[in-house]
>>> print(open('target_0.cif').read())   # mmCIF, C-alpha atoms
data_my_file
loop_
_atom_site.group_PDB
_atom_site.id
_atom_site.type_symbol
_atom_site.label_atom_id
_atom_site.label_comp_id
_atom_site.auth_asym_id
_atom_site.auth_seq_id
_atom_site.Cartn_x
_atom_site.Cartn_y
_atom_site.Cartn_z
ATOM 1 C CA MET A 1 34.141 5.844 -4.289
ATOM 2 C CA THR A 2 32.844 9.166 -2.951
ATOM 3 C CA GLU A 3 29.571 8.508 -4.706
ATOM 4 C CA SER A 4 29.267 5.167 -2.979
ATOM 5 C CA ARG A 5 30.039 6.733 0.412
ATOM 6 C CA ASP A 6 27.443 9.444 -0.212
ATOM 7 C CA SER A 7 24.849 6.821 -1.070
ATOM 8 C CA GLU A 8 25.621 4.848 2.076
ATOM 9 C CA ARG A 9 25.373 7.987 4.179
ATOM 10 C CA LEU A 10 22.041 8.875 2.625
ATOM 11 C CA GLU A 11 20.724 5.363 3.244
ATOM 12 C CA ARG A 12 21.855 5.447 6.873
ATOM 13 C CA GLN A 13 20.363 8.873 7.511
ATOM 14 C CA ALA A 14 17.098 8.046 5.762
ATOM 15 C CA LYS A 15 16.753 4.825 7.749
ATOM 16 C CA ALA A 16 17.518 6.599 11.056
ATOM 17 C CA LEU A 17 15.006 9.375 10.390
ATOM 18 C CA PHE A 18 12.353 6.920 9.339
ATOM 19 C CA ASP A 19 12.886 4.683 12.378
ATOM 20 C CA ASP A 20 12.723 7.744 14.600
ATOM 21 C CA SER A 21 9.393 8.815 13.110
ATOM 22 C CA VAL A 22 8.058 5.271 13.593
ATOM 23 C CA GLU A 23 9.106 5.257 17.252
ATOM 24 C CA ARG A 24 7.338 8.532 17.897
ATOM 25 C CA LEU A 25 3.911 7.673 16.540
ATOM 26 C CA ASP A 26 1.279 9.043 18.921
ATOM 27 C CA GLY A 27 -0.992 6.978 21.146
ATOM 28 C CA ALA A 28 -4.159 7.658 19.152
ATOM 29 C CA THR A 29 -2.532 6.341 15.984
ATOM 30 C CA LEU A 30 -1.208 3.248 17.754
ATOM 31 C CA SER A 31 -4.671 2.626 19.148
ATOM 32 C CA ARG A 32 -6.200 2.773 15.672
ATOM 33 C CA LEU A 33 -3.531 0.392 14.392
ATOM 34 C CA ASN A 34 -4.405 -1.993 17.211
ATOM 35 C CA GLN A 35 -8.097 -1.815 16.311
ATOM 36 C CA GLY A 36 -7.287 -2.522 12.676
ATOM 37 C CA ARG A 37 -5.159 -5.496 13.667
ATOM 38 C CA GLN A 38 -7.924 -6.968 15.842
ATOM 39 C CA LYS A 39 -10.394 -6.537 13.005
ATOM 40 C CA ALA A 40 -8.023 -8.325 10.650
ATOM 41 C CA LEU A 41 -7.490 -11.188 13.077
ATOM 42 C CA GLU A 42 -11.251 -11.664 13.314
ATOM 43 C CA GLU A 43 -11.102 -12.674 9.650
ATOM 44 C CA LEU A 44 -9.314 -15.863 10.694
ATOM 45 C CA HIS A 45 -12.412 -17.068 12.521
ATOM 46 C CA LYS A 46 -14.980 -16.230 9.899
ATOM 47 C CA PRO A 47 -16.417 -19.169 7.943
ATOM 48 C CA GLY A 48 -14.769 -19.825 4.563
ATOM 49 C CA VAL A 49 -15.978 -17.947 1.566
ATOM 50 C CA GLY A 50 -16.956 -21.225 -0.154
ATOM 51 C CA ASN A 51 -16.766 -22.134 -3.782
ATOM 52 C CA TRP A 52 -18.486 -18.998 -5.053
ATOM 53 C CA GLY A 53 -16.007 -16.912 -3.170
ATOM 54 C CA ARG A 54 -13.139 -18.828 -4.688
ATOM 55 C CA TRP A 55 -14.436 -18.067 -8.166
ATOM 56 C CA ALA A 56 -15.038 -14.388 -7.492
ATOM 57 C CA PRO A 57 -11.676 -13.204 -8.920
ATOM 58 C CA VAL A 58 -12.156 -15.330 -12.049
ATOM 59 C CA THR A 59 -15.675 -14.050 -12.626
ATOM 60 C CA GLY A 60 -14.449 -10.519 -12.007
ATOM 61 C CA VAL A 61 -11.759 -10.859 -14.650
ATOM 62 C CA ALA A 62 -14.242 -12.484 -17.042
ATOM 63 C CA ALA A 63 -16.668 -9.594 -16.505
ATOM 64 C CA ALA A 64 -13.898 -7.072 -17.141
ATOM 65 C CA ALA A 65 -12.889 -8.934 -20.316
ATOM 66 C CA ALA A 66 -16.506 -9.017 -21.504
ATOM 67 C CA ILE A 67 -16.833 -5.282 -20.912
ATOM 68 C CA ALA A 68 -13.551 -4.733 -22.754
ATOM 69 C CA VAL A 69 -14.827 -6.662 -25.798
ATOM 70 C CA MET A 70 -18.120 -4.763 -25.739
ATOM 71 C CA VAL A 71 -16.364 -1.420 -25.583
ATOM 72 C CA MET A 72 -13.885 -2.367 -28.330
ATOM 73 C CA ASN A 73 -16.693 -3.517 -30.605
ATOM 74 C CA GLY A 74 -18.526 -0.316 -29.900
ATOM 75 C CA THR A 75 -21.759 -2.104 -29.008
ATOM 76 C CA THR A 76 -22.481 0.190 -26.096
ATOM 77 C CA VAL A 77 -21.145 3.428 -27.510
ATOM 78 C CA ASP A 78 -23.608 5.458 -29.511
ATOM 79 C CA VAL A 79 -21.761 8.754 -29.420
ATOM 80 C CA PRO A 80 -18.408 9.054 -31.228
ATOM 81 C CA VAL A 81 -15.640 9.562 -28.688
ATOM 82 C CA ASP A 82 -12.355 11.270 -29.517
ATOM 83 C CA ASP A 83 -10.196 9.374 -27.028
ATOM 84 C CA PRO A 84 -10.135 5.636 -27.647
ATOM 85 C CA VAL A 85 -10.014 3.340 -24.641
ATOM 86 C CA THR A 86 -6.360 2.819 -23.879
ATOM 87 C CA VAL A 87 -4.504 -0.344 -22.971
ATOM 88 C CA SER A 88 -3.789 1.079 -19.530
ATOM 89 C CA ASP A 89 -7.528 1.306 -18.837
ATOM 90 C CA PHE A 90 -7.808 -2.441 -19.351
ATOM 91 C CA GLU A 91 -4.668 -3.084 -17.329
ATOM 92 C CA MET A 92 -6.253 -1.154 -14.495
ATOM 93 C CA LEU A 93 -9.415 -3.214 -14.704
ATOM 94 C CA LEU A 94 -7.684 -6.558 -15.046
ATOM 95 C CA GLU A 95 -4.912 -6.121 -12.525
ATOM 96 C CA THR A 96 -4.974 -8.523 -9.598
ATOM 97 C CA ASP A 97 -6.112 -6.931 -6.334
ATOM 98 C CA SER A 98 -7.725 -4.126 -8.317
ATOM 99 C CA LEU A 99 -10.977 -5.950 -8.766
ATOM 100 C CA GLU A 100 -12.662 -3.595 -6.338
ATOM 101 C CA MET A 101 -12.457 -1.092 -9.157
ATOM 102 C CA LEU A 102 -15.236 -3.075 -10.821
ATOM 103 C CA GLU A 103 -17.555 -1.842 -8.103
ATOM 104 C CA ASP A 104 -17.071 1.619 -9.505
ATOM 105 C CA LEU A 105 -18.254 0.810 -13.017
ATOM 106 C CA GLU A 106 -21.265 3.069 -12.650
ATOM 107 C CA PHE A 107 -18.956 5.829 -11.593
ATOM 108 C CA PHE A 108 -16.681 5.288 -14.587
ATOM 109 C CA SER A 109 -19.700 5.295 -16.907
ATOM 110 C CA LEU A 110 -20.632 8.663 -15.477
ATOM 111 C CA LEU A 111 -17.075 9.832 -15.983
ATOM 112 C CA ASP A 112 -17.108 8.750 -19.624
ATOM 113 C CA ALA A 113 -20.389 10.555 -20.118
ATOM 114 C CA VAL A 114 -18.886 13.649 -18.541
ATOM 115 C CA ASP A 115 -15.809 13.409 -20.801
ATOM 116 C CA THR A 116 -17.926 12.964 -23.890
ATOM 117 C CA GLU A 117 -20.088 15.924 -23.003
ATOM 118 C CA SER A 118 -17.029 18.001 -22.220
ATOM 119 C CA ASN A 119 -15.399 17.103 -25.566
ATOM 120 C CA GLY A 120 -18.617 17.998 -27.310
ATOM 121 C CA HIS A 121 -18.620 21.490 -25.815
ATOM 122 C CA VAL A 122 -14.973 22.078 -26.677
ATOM 123 C CA GLY A 123 -15.201 20.703 -30.198
ATOM 124 C CA MET B 1 -16.983 -50.414 22.453
ATOM 125 C CA ASN B 2 -13.243 -50.042 22.661
ATOM 126 C CA ALA B 3 -13.152 -49.242 18.964
ATOM 127 C CA ILE B 4 -15.745 -46.472 19.409
ATOM 128 C CA ALA B 5 -13.811 -45.075 22.340
ATOM 129 C CA GLY B 6 -10.654 -45.185 20.233
ATOM 130 C CA VAL B 7 -12.283 -43.295 17.358
ATOM 131 C CA PHE B 8 -13.652 -40.720 19.817
ATOM 132 C CA ALA B 9 -10.202 -40.301 21.363
ATOM 133 C CA VAL B 10 -8.581 -39.821 17.942
ATOM 134 C CA SER B 11 -11.295 -37.343 16.952
ATOM 135 C CA CYS B 12 -10.860 -35.368 20.183
ATOM 136 C CA SER B 13 -7.103 -35.310 19.829
ATOM 137 C CA ARG B 14 -7.432 -34.085 16.216
ATOM 138 C CA GLU B 15 -9.762 -31.294 17.300
ATOM 139 C CA GLN B 16 -7.376 -30.349 20.060
ATOM 140 C CA SER B 17 -4.441 -30.310 17.671
ATOM 141 C CA THR B 18 -6.436 -28.274 15.113
ATOM 142 C CA GLY B 19 -7.492 -25.850 17.856
ATOM 143 C CA ALA B 20 -3.914 -25.552 19.060
ATOM 144 C CA SER B 21 -2.576 -24.937 15.568
ATOM 145 C CA THR B 22 -5.296 -22.317 14.933
ATOM 146 C CA LEU B 23 -4.368 -20.579 18.157
ATOM 147 C CA GLN B 24 -0.704 -20.710 17.208
ATOM 148 C CA ARG B 25 -1.456 -19.255 13.769
ATOM 149 C CA ASP B 26 -3.495 -16.464 15.408
ATOM 150 C CA ARG B 27 -0.589 -15.640 17.677
ATOM 151 C CA GLN B 28 1.951 -15.747 14.860
ATOM 152 C CA LEU B 29 -0.128 -13.504 12.622
ATOM 153 C CA ASN B 30 -0.827 -11.107 15.486
ATOM 154 C CA GLN B 31 2.899 -10.963 16.223
ATOM 155 C CA PHE B 32 3.645 -10.385 12.554
ATOM 156 C CA PHE B 33 1.177 -7.489 12.379
ATOM 157 C CA VAL B 34 2.582 -5.968 15.587
ATOM 158 C CA GLU B 35 6.070 -6.059 14.104
ATOM 159 C CA VAL B 36 5.141 -4.640 10.727
ATOM 160 C CA GLU B 37 2.173 -2.291 11.255
ATOM 161 C CA ARG B 38 3.930 0.878 12.390
ATOM 162 C CA ARG B 39 6.507 0.888 9.616
ATOM 163 C CA ALA B 40 3.768 -0.041 7.146
ATOM 164 C CA LEU B 41 1.715 2.919 8.319
ATOM 165 C CA ARG B 42 4.574 5.383 7.843
ATOM 166 C CA ILE B 43 5.369 3.893 4.414
ATOM 167 C CA ALA B 44 1.720 4.235 3.386
ATOM 168 C CA GLU B 45 1.619 7.744 4.823
ATOM 169 C CA ILE B 46 4.617 8.807 2.751
ATOM 170 C CA GLY B 47 2.906 7.248 -0.268
ATOM 171 C CA VAL B 48 -0.443 9.011 0.136
ATOM 172 C CA ARG B 49 0.472 11.922 2.455
ATOM 173 C CA ASP B 50 -2.556 11.476 4.653
ATOM 174 C CA ARG B 51 -2.511 9.585 7.946
ATOM 175 C CA ASP B 52 -6.195 8.624 7.994
ATOM 176 C CA GLU B 53 -6.011 7.248 4.481
ATOM 177 C CA ALA B 54 -2.795 5.433 5.399
ATOM 178 C CA LEU B 55 -4.465 3.861 8.442
ATOM 179 C CA ASP B 56 -7.306 2.623 6.259
ATOM 180 C CA LEU B 57 -4.864 1.210 3.721
ATOM 181 C CA VAL B 58 -2.897 -0.651 6.398
ATOM 182 C CA GLN B 59 -6.062 -2.048 7.954
ATOM 183 C CA ASP B 60 -7.354 -3.212 4.558
ATOM 184 C CA SER B 61 -4.000 -4.860 3.859
ATOM 185 C CA MET B 62 -4.065 -6.671 7.196
ATOM 186 C CA ILE B 63 -7.591 -7.909 6.543
ATOM 187 C CA LYS B 64 -6.676 -9.165 3.059
ATOM 188 C CA MET B 65 -3.559 -10.770 4.474
ATOM 189 C CA ALA B 66 -5.513 -12.601 7.197
ATOM 190 C CA ARG B 67 -8.280 -13.599 4.819
ATOM 191 C CA ASN B 68 -6.163 -14.873 1.939
ATOM 192 C CA TYR B 69 -2.609 -15.592 2.965
ATOM 193 C CA ALA B 70 -2.570 -16.634 6.635
ATOM 194 C CA GLU B 71 -1.859 -20.234 5.616
ATOM 195 C CA ARG B 72 1.235 -19.281 3.612
ATOM 196 C CA PRO B 73 4.678 -19.923 5.139
ATOM 197 C CA GLY B 74 5.689 -17.225 7.618
ATOM 198 C CA ASP B 75 8.797 -16.209 5.678
ATOM 199 C CA GLU B 76 6.565 -15.134 2.762
ATOM 200 C CA TRP B 77 4.349 -12.921 4.904
ATOM 201 C CA THR B 78 6.416 -9.729 4.795
ATOM 202 C CA PRO B 79 6.767 -9.480 0.995
ATOM 203 C CA LEU B 80 3.161 -10.617 0.544
ATOM 204 C CA PHE B 81 1.888 -8.016 2.982
ATOM 205 C CA TYR B 82 3.832 -5.237 1.299
ATOM 206 C CA ARG B 83 2.641 -6.353 -2.098
ATOM 207 C CA ILE B 84 -0.941 -5.987 -0.894
ATOM 208 C CA LEU B 85 -0.149 -2.610 0.646
ATOM 209 C CA GLN B 86 1.642 -1.294 -2.451
ATOM 210 C CA ASN B 87 -1.274 -2.406 -4.639
ATOM 211 C CA GLY B 88 -3.580 -0.581 -2.245
ATOM 212 C CA ILE B 89 -1.498 2.584 -2.494
ATOM 213 C CA ARG B 90 -1.452 2.355 -6.296
ATOM 214 C CA ASP B 91 -5.241 1.889 -6.421
ATOM 215 C CA TRP B 92 -5.637 4.831 -4.066
ATOM 216 C CA HIS B 93 -3.645 7.068 -6.438
ATOM 217 C CA ARG B 94 -5.724 5.924 -9.405
ATOM 218 C CA ARG B 95 -8.921 6.705 -7.556
ATOM 219 C CA GLN B 96 -7.535 10.100 -6.575
ATOM 220 C CA LYS B 97 -6.720 10.845 -10.214
ATOM 221 C CA VAL B 98 -10.254 9.975 -11.257
ATOM 222 C CA ARG B 99 -11.722 12.022 -8.402
ATOM 223 C CA ASN B 100 -9.517 14.992 -9.269
ATOM 224 C CA ARG B 101 -10.610 14.825 -12.913
ATOM 225 C CA VAL B 102 -14.222 15.029 -11.813
ATOM 226 C CA MET B 103 -13.502 17.775 -9.300
ATOM 227 C CA VAL B 104 -11.633 19.813 -11.932
ATOM 228 C CA TRP B 105 -14.582 19.391 -14.268
ATOM 229 C CA PHE B 106 -16.879 20.705 -11.552
ATOM 230 C CA GLY B 107 -14.416 23.524 -10.913
ATOM 231 C CA ARG B 108 -13.339 22.273 -7.517
ATOM 232 C CA GLY B 109 -9.856 20.968 -8.261
ATOM 233 C CA ALA B 110 -7.783 20.284 -5.161
ATOM 234 C CA ASN B 111 -4.071 20.267 -4.722
ATOM 235 C CA ALA B 112 -3.233 17.486 -2.268
ATOM 236 C CA ASP B 113 0.132 19.085 -1.448
ATOM 237 C CA ASP B 114 -1.595 22.212 -0.179
ATOM 238 C CA GLU B 115 -3.857 20.229 2.095
ATOM 239 C CA TYR B 116 -1.191 18.120 3.748
ATOM 240 C CA ASP B 117 -0.383 19.591 7.126
ATOM 241 C CA PHE B 118 3.104 18.557 8.123
ATOM 242 C CA ALA B 119 2.782 20.108 11.569
ATOM 243 C CA ALA B 120 -0.426 18.223 12.319
ATOM 244 C CA ASN B 121 1.080 14.989 11.075
ATOM 245 C CA ALA B 122 4.466 15.360 12.735
ATOM 246 C CA PRO B 123 5.315 12.769 15.374
ATOM 247 C CA ASP B 124 4.912 13.729 19.025
ATOM 248 C CA PRO B 125 7.902 15.255 20.759
ATOM 249 C CA ALA B 126 9.949 12.775 22.760
ATOM 250 C CA GLY B 127 11.767 14.835 25.316
ATOM 251 C CA ARG B 128 14.380 16.373 23.035
ATOM 252 C CA SER B 129 15.480 19.972 22.897
ATOM 253 C CA PRO B 130 13.385 22.153 20.588
ATOM 254 C CA ASP B 131 16.389 22.701 18.279
ATOM 255 C CA VAL B 132 17.019 19.010 17.788
ATOM 256 C CA GLU B 133 13.312 18.376 17.513
ATOM 257 C CA LEU B 134 12.966 21.021 14.805
ATOM 258 C CA GLN B 135 16.007 19.821 12.845
ATOM 259 C CA THR B 136 14.831 16.227 12.916
ATOM 260 C CA ALA B 137 11.307 17.190 11.898
ATOM 261 C CA GLN B 138 12.571 19.343 9.032
ATOM 262 C CA ALA B 139 14.944 16.646 7.814
ATOM 263 C CA MET B 140 12.126 14.106 7.882
ATOM 264 C CA GLN B 141 9.829 16.482 6.010
ATOM 265 C CA ARG B 142 12.435 16.958 3.281
ATOM 266 C CA LEU B 143 12.981 13.224 3.075
ATOM 267 C CA GLU B 144 9.240 12.487 2.941
ATOM 268 C CA ARG B 145 8.672 15.092 0.266
ATOM 269 C CA SER B 146 11.582 13.849 -1.839
ATOM 270 C CA VAL B 147 10.621 10.183 -1.493
ATOM 271 C CA HIS B 148 6.998 10.997 -2.282
ATOM 272 C CA ASP B 149 8.046 12.835 -5.457
ATOM 273 C CA LEU B 150 9.954 9.829 -6.833
ATOM 274 C CA PRO B 151 8.321 7.833 -9.654
ATOM 275 C CA HIS B 152 6.172 5.233 -7.906
ATOM 276 C CA ARG B 153 8.289 2.168 -8.737
ATOM 277 C CA GLN B 154 11.419 3.927 -7.498
ATOM 278 C CA ARG B 155 9.573 5.018 -4.382
ATOM 279 C CA GLU B 156 8.418 1.464 -3.696
ATOM 280 C CA ALA B 157 11.907 0.045 -4.176
ATOM 281 C CA PHE B 158 13.496 2.641 -1.914
ATOM 282 C CA MET B 159 10.939 2.346 0.885
ATOM 283 C CA LEU B 160 10.906 -1.439 0.883
ATOM 284 C CA ARG B 161 14.719 -1.714 0.834
ATOM 285 C CA ILE B 162 15.572 1.063 3.297
ATOM 286 C CA PHE B 163 12.526 1.611 5.489
ATOM 287 C CA GLU B 164 11.292 -1.966 5.714
ATOM 288 C CA GLY B 165 14.729 -3.533 5.297
ATOM 289 C CA LEU B 166 13.688 -6.147 2.738
ATOM 290 C CA ASP B 167 16.462 -7.757 0.703
ATOM 291 C CA VAL B 168 16.447 -7.602 -3.105
ATOM 292 C CA ALA B 169 14.585 -10.923 -3.455
ATOM 293 C CA GLY B 170 11.907 -9.913 -0.925
ATOM 294 C CA THR B 171 11.517 -6.508 -2.556
ATOM 295 C CA ALA B 172 11.146 -8.166 -5.965
ATOM 296 C CA MET B 173 8.405 -10.405 -4.554
ATOM 297 C CA ALA B 174 6.649 -7.452 -2.924
ATOM 298 C CA MET B 175 6.850 -5.377 -6.108
ATOM 299 C CA GLY B 176 6.011 -8.243 -8.452
ATOM 300 C CA CYS B 177 9.047 -7.702 -10.665
ATOM 301 C CA SER B 178 12.526 -9.139 -11.259
ATOM 302 C CA GLU B 179 15.468 -8.603 -8.939
ATOM 303 C CA GLY B 180 17.222 -6.752 -11.770
ATOM 304 C CA SER B 181 14.352 -4.272 -11.976
ATOM 305 C CA VAL B 182 14.494 -3.733 -8.225
ATOM 306 C CA LYS B 183 18.205 -2.912 -8.448
ATOM 307 C CA THR B 184 17.589 -0.473 -11.296
ATOM 308 C CA HIS B 185 14.668 1.291 -9.577
ATOM 309 C CA TYR B 186 16.533 1.430 -6.292
ATOM 310 C CA SER B 187 19.720 2.776 -7.816
ATOM 311 C CA ARG B 188 17.826 5.511 -9.681
ATOM 312 C CA ALA B 189 15.931 6.403 -6.502
ATOM 313 C CA VAL B 190 19.134 6.794 -4.479
ATOM 314 C CA HIS B 191 20.716 8.834 -7.266
ATOM 315 C CA THR B 192 17.727 11.204 -7.410
ATOM 316 C CA LEU B 193 17.508 11.532 -3.631
ATOM 317 C CA ARG B 194 21.222 12.255 -3.377
ATOM 318 C CA GLU B 195 20.821 15.045 -5.884
ATOM 319 C CA LYS B 196 17.771 16.475 -4.113
ATOM 320 C CA LEU B 197 18.904 16.091 -0.528
ATOM 321 C CA GLY B 198 22.637 16.349 -0.990
ATOM 322 C CA ASP B 199 22.954 19.992 -0.041
ATOM 323 C CA HIS B 200 20.999 19.513 3.163
ATOM 324 C CA TRP B 201 22.557 16.234 4.213
ATOM 325 C CA GLN B 202 26.275 16.631 3.492
#
>>> encode(input="target_0.cif", output="C-alpha cells")
Amino acid sequence: MTESRDSERLERQAKALFDDSVERLDGATLSRLNQGRQKALEELHKPGVGNWGRWAPVTGVAAAAAIAVMVMNGTTVDVPVDDPVTVSDFEMLLETDSLEMLEDLEFFSLLDAVDTESNGHVG
Amino acid sequence: MNAIAGVFAVSCSREQSTGASTLQRDRQLNQFFVEVERRALRIAEIGVRDRDEALDLVQDSMIKMARNYAERPGDEWTPLFYRILQNGIRDWHRRQKVRNRVMVWFGRGANADDEYDFAANAPDPAGRSPDVELQTAQAMQRLERSVHDLPHRQREAFMLRIFEGLDVAGTAMAMGCSEGSVKTHYSRAVHTLREKLGDHWQ
C-alpha cells in the first residue's frame, strides 16, 4: 500500500517537474522548433517519391542482406578476424528506420579495418 | 455543351474539395506538431542530454512523420511520432558508441556526462524566488539524470507513460512491443527511480 502511494507520488512529482521544464523552454529553442515544424510541413507539398522511392526500403534491406551473406561467407574478408560478426550487427542494419545506417557503410568498413589492425597489434 | 460544362464543374469541385482537404490536413498536422513538439524535445533531450542534438532529432521525426504518415488516422499520430523519435534516439546512441570507439582508438575518448552543462541547458527563470528556482532546477536535474541512467526500454516506457501521457496501448505501439512488456518495463523503471530518488523526494 505504502509502495503504491510512493509510486503515485513519484509519478505526480516527475510529471509536474517535467511539465514545468516544458513550460519554461526559452524563446530561441521555441523558434528553432517552429522552424523545424515549418520545414516538416513543407514535405506535404513536395511531389511524391514515386515508385523507386517506394521500393527504397526494400532495396535497402536486400542490400543489407546481401552484405550479410557476403560477410558470413567470408568472400570479402582476407584477414582473419577474432570477433565474428554478431547477430546484433545485422539487427542494427536490418531494423526499420535504421536504413540511414547503410549510408555509413564506408565508415563501418574503416572501423572494421581499424579493429583488425588494433587486434593485430595486441595479439 | 452542357455535358462538357457538367464535367468541368465536377472536375473543379473535385479540385476544390482536394485543395480543401489538403489544407485541412496541413492545419491538423501543424496543430499536432504544435501540441507535441515541446514535450518531444524535452524527452529527446533527456535521452541524449544535448539540446541541439535533441532539436535535430525532433525536426527529423517531424519530417519523417509528414513525409510518410500524414495520411494515417489522427489518433495514430502520437504513438507513430514517438516511435519515429525513439528510433531516432536509439540510432543516435548507436552512432555515438561507434564514434566513441573510434575516438578512444585515436586517444580522444570523450565522456558525454562531463560535457553536458546543466546550467546552460536549464530552463529560463519564470519569476520565482531564487530558492524555489534552485530547488526545482535541482530536482529536475536529479530526475533527468536518473531517467537517463535507466535501461533504454525502461526509459522509453517511463517517459512515454508519464511525460507524454500515453496509455499502455499507445506506449506499446510507440515502442513496438506488447502491452505486457510495457507494463514490465514501466514497473521496473518506477521501482528503480523510487530507489534512486526516494531520499530526495519523500
>>> atom_distance(input="target_0.cif", atom1="atom CA of Ala62 of chain A", atom2="atom CA of Gly176 of chain B")
22.4 Å
>>> atom_distance(input="target_0.cif", atom1="atom CA of Leu41 of chain B", atom2="atom CA of Glu71 of chain B")
23.6 Å
>>> resolve_selection(input="target_0.cif", expression="the PyMOL selection byres ((chain A and resi 24-33) around 12)", output="PyMOL selection string")
(chain A and resi 17-23+34-40) or (chain B and resi 30+33-42+45+51-52+54-62+120-128+133+136-137)
>>> closest_residue(input="target_0.cif", among="B:Leu80, B:Ala174, B:Ala169, B:Met140", to="chain A", atoms="all atoms listed in the file")
B:Met140
>>> atom_distance(input="target_0.cif", atom1="atom CA of Ala157 of chain B", atom2="atom CA of Ile84 of chain B")
14.6 Å
